[in-house]
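Enquirer: Would you mind keeping the following structure in view while I ask a few things?
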Amino acid sequence: MPSVSAVPPSAPSSRDSVVAALRTAGCVFAEDEAEMILATARTPAEAAAMVERRVAGLPLELVVGWAEFRGLRIAVAPGVFVPRRRTEFLVEQALRQAPAAAVVVDLCCGSGAVGAALAAALGGVELHAADIDPAAVRCARGNVASVGGQVHQGDLFEALPGALRGRVGILAANVPYVPSEEIGLLPQEARDHEPLVALDGGTDGLDVLRRVAAEAPRWLAPGGCVLVETSRRQAPTAVDVLERNGLTARPVMSEELYAHVVIGVRP
């Protein structure tokens, strides 16, 4: 997606008033947010309504209805996890690990951003995405339609067609990994507007990762990889979990994005 276009010079007062309203509400990146709102709104009245919702605390992505992810405009909806920029690192690592993957699975797909980005980069892949949340499934279907992806509803691997067993080249599993007792420490936008099922990873944050690791080897093709996002603190345990399930695992990180990913490869 091209970068968000600037507001035309002919409307400085409109932009200035939007920036002022957002800055007063405490938006740190008021100028950037104003440009997104004004570039998305079709009428002045729609722009005013968007500003009102943003000032009231609605996340910017839900205000405008989309989030940018690896150059794609990903549609988002209320109750669906908003893709984070740090998760672009997971996509980059998947492409580096398996640049010739023919079958891609986006597990715990949320909006389908990871799957859509992988399919767009690889071209011509068989893409399957899955989520337990009906709202996420509806949202993901719209986002992966242009790359021919299929979206399934269900609990992890139970949602996937059995014919995928042993064929998956990239299994991207952006599982929830926030420890239950730390949910209350998340930013208000996440606590109030994103589904708990997409955030809560259990006592140590790794409950869902353990379930993915236990099943992944049966779904991966030889040399196929599973990638999970985690935290710096959890990464060593996550590596151990994958290795205990027969995968060759290693952690990778991006200081710039403060992103931590663990990669497991089927021998």
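Identifiers in the structure tokens: chain A, B, ... in order shown; residue index from 1 per chain; ligand index from 1 in order shown.
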Per residue of stretch 204-260 of chain A within 9 Å of stretch 167-177 of chain A, which atom pair is closest and at what distance in Å (one decimal), using only C-alpha atoms, listed by chain and increasing number, as JSON lines?

Expert:
```
{"residue": "A:Asp204", "atom": "CA", "partner": "A:Tyr177", "partner_atom": "CA", "distance": 8.0}
{"residue": "A:Gly205", "atom": "CA", "partner": "A:Tyr177", "partner_atom": "CA", "distance": 4.3}
{"residue": "A:Leu206", "atom": "CA", "partner": "A:Tyr177", "partner_atom": "CA", "distance": 5.7}
{"residue": "A:Asp207", "atom": "CA", "partner": "A:Tyr177", "partner_atom": "CA", "distance": 7.9}
{"residue": "A:Val208", "atom": "CA", "partner": "A:Val175", "partner_atom": "CA", "distance": 6.3}
{"residue": "A:Leu209", "atom": "CA", "partner": "A:Val175", "partner_atom": "CA", "distance": 6.4}
{"residue": "A:Val212", "atom": "CA", "partner": "A:Ala173", "partner_atom": "CA", "distance": 7.7}
{"residue": "A:Ala216", "atom": "CA", "partner": "A:Leu171", "partner_atom": "CA", "distance": 8.0}
{"residue": "A:Trp219", "atom": "CA", "partner": "A:Val168", "partner_atom": "CA", "distance": 6.0}
{"residue": "A:Leu220", "atom": "CA", "partner": "A:Val168", "partner_atom": "CA", "distance": 4.6}
{"residue": "A:Ala221", "atom": "CA", "partner": "A:Arg167", "partner_atom": "CA", "distance": 4.4}
{"residue": "A:Pro222", "atom": "CA", "partner": "A:Arg167", "partner_atom": "CA", "distance": 8.0}
{"residue": "A:Gly223", "atom": "CA", "partner": "A:Gly169", "partner_atom": "CA", "distance": 7.4}
{"residue": "A:Gly224", "atom": "CA", "partner": "A:Gly169", "partner_atom": "CA", "distance": 4.3}
{"residue": "A:Cys225", "atom": "CA", "partner": "A:Ile170", "partner_atom": "CA", "distance": 5.2}
{"residue": "A:Val226", "atom": "CA", "partner": "A:Leu171", "partner_atom": "CA", "distance": 4.5}
{"residue": "A:Leu227", "atom": "CA", "partner": "A:Ala172", "partner_atom": "CA", "distance": 5.0}
{"residue": "A:Val228", "atom": "CA", "partner": "A:Ala173", "partner_atom": "CA", "distance": 5.2}
{"residue": "A:Glu229", "atom": "CA", "partner": "A:Asn174", "partner_atom": "CA", "distance": 5.6}
{"residue": "A:Thr230", "atom": "CA", "partner": "A:Tyr177", "partner_atom": "CA", "distance": 6.2}
{"residue": "A:Ser231", "atom": "CA", "partner": "A:Tyr177", "partner_atom": "CA", "distance": 7.8}
{"residue": "A:Gln234", "atom": "CA", "partner": "A:Tyr177", "partner_atom": "CA", "distance": 8.8}
```

Enquirer: Give me the stretch 29-93 of chain A side of the contact with stretch 144-166 of chain A, cut-off 12 Å, one line per residue showing its nearest atom pair and distance in Å at one decimal, counting only C-alpha atoms, sorted by chain and residue number, as CSV.

Expert:
```
residue,atom,partner,partner_atom,distance
A:Leu72,CA,A:Val144,CA,11.0
A:Arg73,CA,A:Val144,CA,11.3
A:Ile74,CA,A:Val144,CA,9.3
A:Ala75,CA,A:Val144,CA,10.3
```

Enquirer: So that I have them on file, write out the residues from the current selection with all heavy atoms, as a short mmCIF file (atom, residue, chain, number, x, y, z; two decimals), in the first residue's frame.

Expert:
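Dumped everything to part_27.cif:
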```
data_model
loop_
_atom_site.label_atom_id
_atom_site.label_comp_id
_atom_site.auth_asym_id
_atom_site.auth_seq_id
_atom_site.Cartn_x
_atom_site.Cartn_y
_atom_site.Cartn_z
N LEU A 72 0.44 -3.50 3.38
CA LEU A 72 -0.93 -3.86 3.04
C LEU A 72 -1.90 -3.08 3.93
O LEU A 72 -1.60 -2.80 5.09
CB LEU A 72 -1.17 -5.36 3.24
CG LEU A 72 -0.28 -6.32 2.46
CD1 LEU A 72 -0.60 -7.75 2.85
CD2 LEU A 72 -0.45 -6.13 0.95
N ARG A 73 -3.06 -2.76 3.40
CA ARG A 73 -4.11 -2.16 4.21
C ARG A 73 -5.01 -3.30 4.69
O ARG A 73 -5.78 -3.87 3.93
CB ARG A 73 -4.91 -1.14 3.41
CG ARG A 73 -5.98 -0.45 4.23
CD ARG A 73 -6.69 0.66 3.49
NE ARG A 73 -5.85 1.84 3.34
CZ ARG A 73 -6.34 3.06 3.09
NH1 ARG A 73 -7.64 3.24 2.95
NH2 ARG A 73 -5.52 4.09 2.95
N ILE A 74 -4.90 -3.62 5.98
CA ILE A 74 -5.64 -4.74 6.57
C ILE A 74 -6.89 -4.20 7.27
O ILE A 74 -6.80 -3.38 8.19
CB ILE A 74 -4.75 -5.49 7.59
CG1 ILE A 74 -3.49 -6.04 6.90
CG2 ILE A 74 -5.54 -6.61 8.26
CD1 ILE A 74 -3.75 -7.09 5.85
N ALA A 75 -8.03 -4.66 6.84
CA ALA A 75 -9.28 -4.24 7.47
C ALA A 75 -9.36 -4.82 8.88
O ALA A 75 -9.01 -5.99 9.10
CB ALA A 75 -10.47 -4.70 6.65
#
```

Enquirer: Ranking A:Gly65, A:Gly71, A:Pro59, A:Gly79 by minimum distance to A:Ala41 and counting only C-alpha atoms, which one comes first?

Expert: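 Among the listed residues, A:Gly65 lies closest to A:Ala41.
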
Enquirer: With distances taken over only C-alpha atoms, which of A:Ala129, A:Ala94, A:Leu62, A:Ala49 is nearest to A:Val262?

Expert: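 Checking each candidate against A:Val262, we get A:Ala94 as the closest.
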
Enquirer: Considering only C-alpha atoms, can you say which of A:Gly142, A:Pro99, A:Gly26, A:Gly184 comes closest to A:Leu122?

Expert: A:Pro99

Enquirer: Could you state the separation of atom CA of A:Asp16 and atom CA of A:Val64 in Å, given to one decimal place?

Expert: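 Atom CA of A:Val64 lies at a distance of 18.5 Å from atom CA of A:Asp16.
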
Enquirer: My list of candidates is A:Ala135, A:Ala120, A:Leu247, A:Val55. Which is closest to A:Phe69 when distances are computed with only C-alpha atoms?

Expert: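 Residue with the minimum atom-to-atom distance to A:Phe69: A:Ala120.
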
Enquirer: Just asking: which residues within stretch 29-247 of chain A are strand (DSSP E) according to DSSP, as a PyMOL selection string?

Expert: chain A and resi 66-69+72-75+103-107+126-131+150-153+168-173+220-230

Enquirer: Tell me, which residues of stretch 50-239 of chain A carry DSSP alpha helix (DSSP H), written as JSON, numbers by chain?

Expert: {"A": [50, 51, 52, 53, 54, 55, 60, 61, 62, 63, 64, 88, 89, 90, 91, 92, 93, 94, 95, 96, 97, 113, 114, 115, 116, 117, 118, 119, 120, 121, 122, 134, 135, 136, 137, 138, 139, 140, 141, 142, 143, 144, 188, 189, 190, 191, 192, 193, 207, 208, 209, 210, 211, 212, 213, 214, 215, 216, 217, 218, 219, 235, 236, 237, 238, 239]}

Enquirer: Fewer than 2 positions away in the same chain doesn't count, so skip those; otherwise give me all residues within 9 Å of A:Leu118, counting only C-alpha atoms, as a CSV table (one decimal) with N, CA and C atoms, in the first residue's frame.

Expert:
```csv
chain,number,residue,atom,x,y,z
A,91,VAL,N,6.8,-12.3,10.1
A,91,VAL,CA,6.7,-12.5,8.7
A,91,VAL,C,8.0,-12.5,8.0
A,92,GLU,N,8.9,-11.6,8.4
A,92,GLU,CA,10.2,-11.5,7.7
A,92,GLU,C,11.0,-12.8,8.0
A,94,ALA,N,9.8,-15.7,8.7
A,94,ALA,CA,9.2,-16.9,8.0
A,94,ALA,C,9.7,-16.9,6.6
A,95,LEU,N,9.7,-15.7,5.9
A,95,LEU,CA,10.2,-15.6,4.5
A,95,LEU,C,11.7,-16.0,4.4
A,104,VAL,N,1.0,-22.4,3.4
A,104,VAL,CA,1.1,-21.5,4.5
A,104,VAL,C,-0.1,-21.6,5.4
A,113,ALA,N,-3.8,-10.8,9.0
A,113,ALA,CA,-2.7,-10.0,8.5
A,113,ALA,C,-1.5,-10.8,8.1
A,114,VAL,N,-1.1,-11.7,9.0
A,114,VAL,CA,0.2,-12.5,8.8
A,114,VAL,C,0.0,-13.3,7.6
A,115,GLY,N,-1.1,-14.0,7.4
A,115,GLY,CA,-1.3,-14.9,6.3
A,115,GLY,C,-1.3,-14.1,5.0
A,116,ALA,N,-2.0,-12.9,5.0
A,116,ALA,CA,-2.1,-12.1,3.8
A,116,ALA,C,-0.7,-11.6,3.4
A,120,ALA,N,1.2,-12.6,0.0
A,120,ALA,CA,1.5,-11.5,-1.0
A,120,ALA,C,3.0,-11.5,-1.3
A,121,ALA,N,3.9,-11.9,-0.3
A,121,ALA,CA,5.3,-11.9,-0.6
A,121,ALA,C,5.7,-13.2,-1.3
A,122,LEU,N,5.1,-14.3,-1.0
A,122,LEU,CA,5.5,-15.6,-1.7
A,122,LEU,C,4.9,-15.7,-3.1
A,123,GLY,N,3.7,-15.3,-3.2
A,123,GLY,CA,3.0,-15.4,-4.5
A,123,GLY,C,2.6,-16.9,-4.8
A,125,VAL,N,0.8,-19.2,-3.3
A,125,VAL,CA,0.9,-20.2,-2.3
A,125,VAL,C,-0.6,-20.7,-1.9
A,127,LEU,N,-2.9,-20.9,0.9
A,127,LEU,CA,-3.0,-20.2,2.3
A,127,LEU,C,-4.3,-20.7,3.0
```

Enquirer: Given only C-alpha atoms as the basis, pick out the residue of A:Ala98, A:Asp133, A:Met253, A:Val80 nearest to A:Arg266.

Expert: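 Closest residue, counting only C-alpha atoms: A:Ala98.
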
Enquirer: For atom CA of A:Val137 and atom CA of A:Cys108, determine how far apart the two atoms are, in Å to one decimal place.

Expert: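 Calculated distance between atom CA of A:Val137 and atom CA of A:Cys108 is 9.7 Å.
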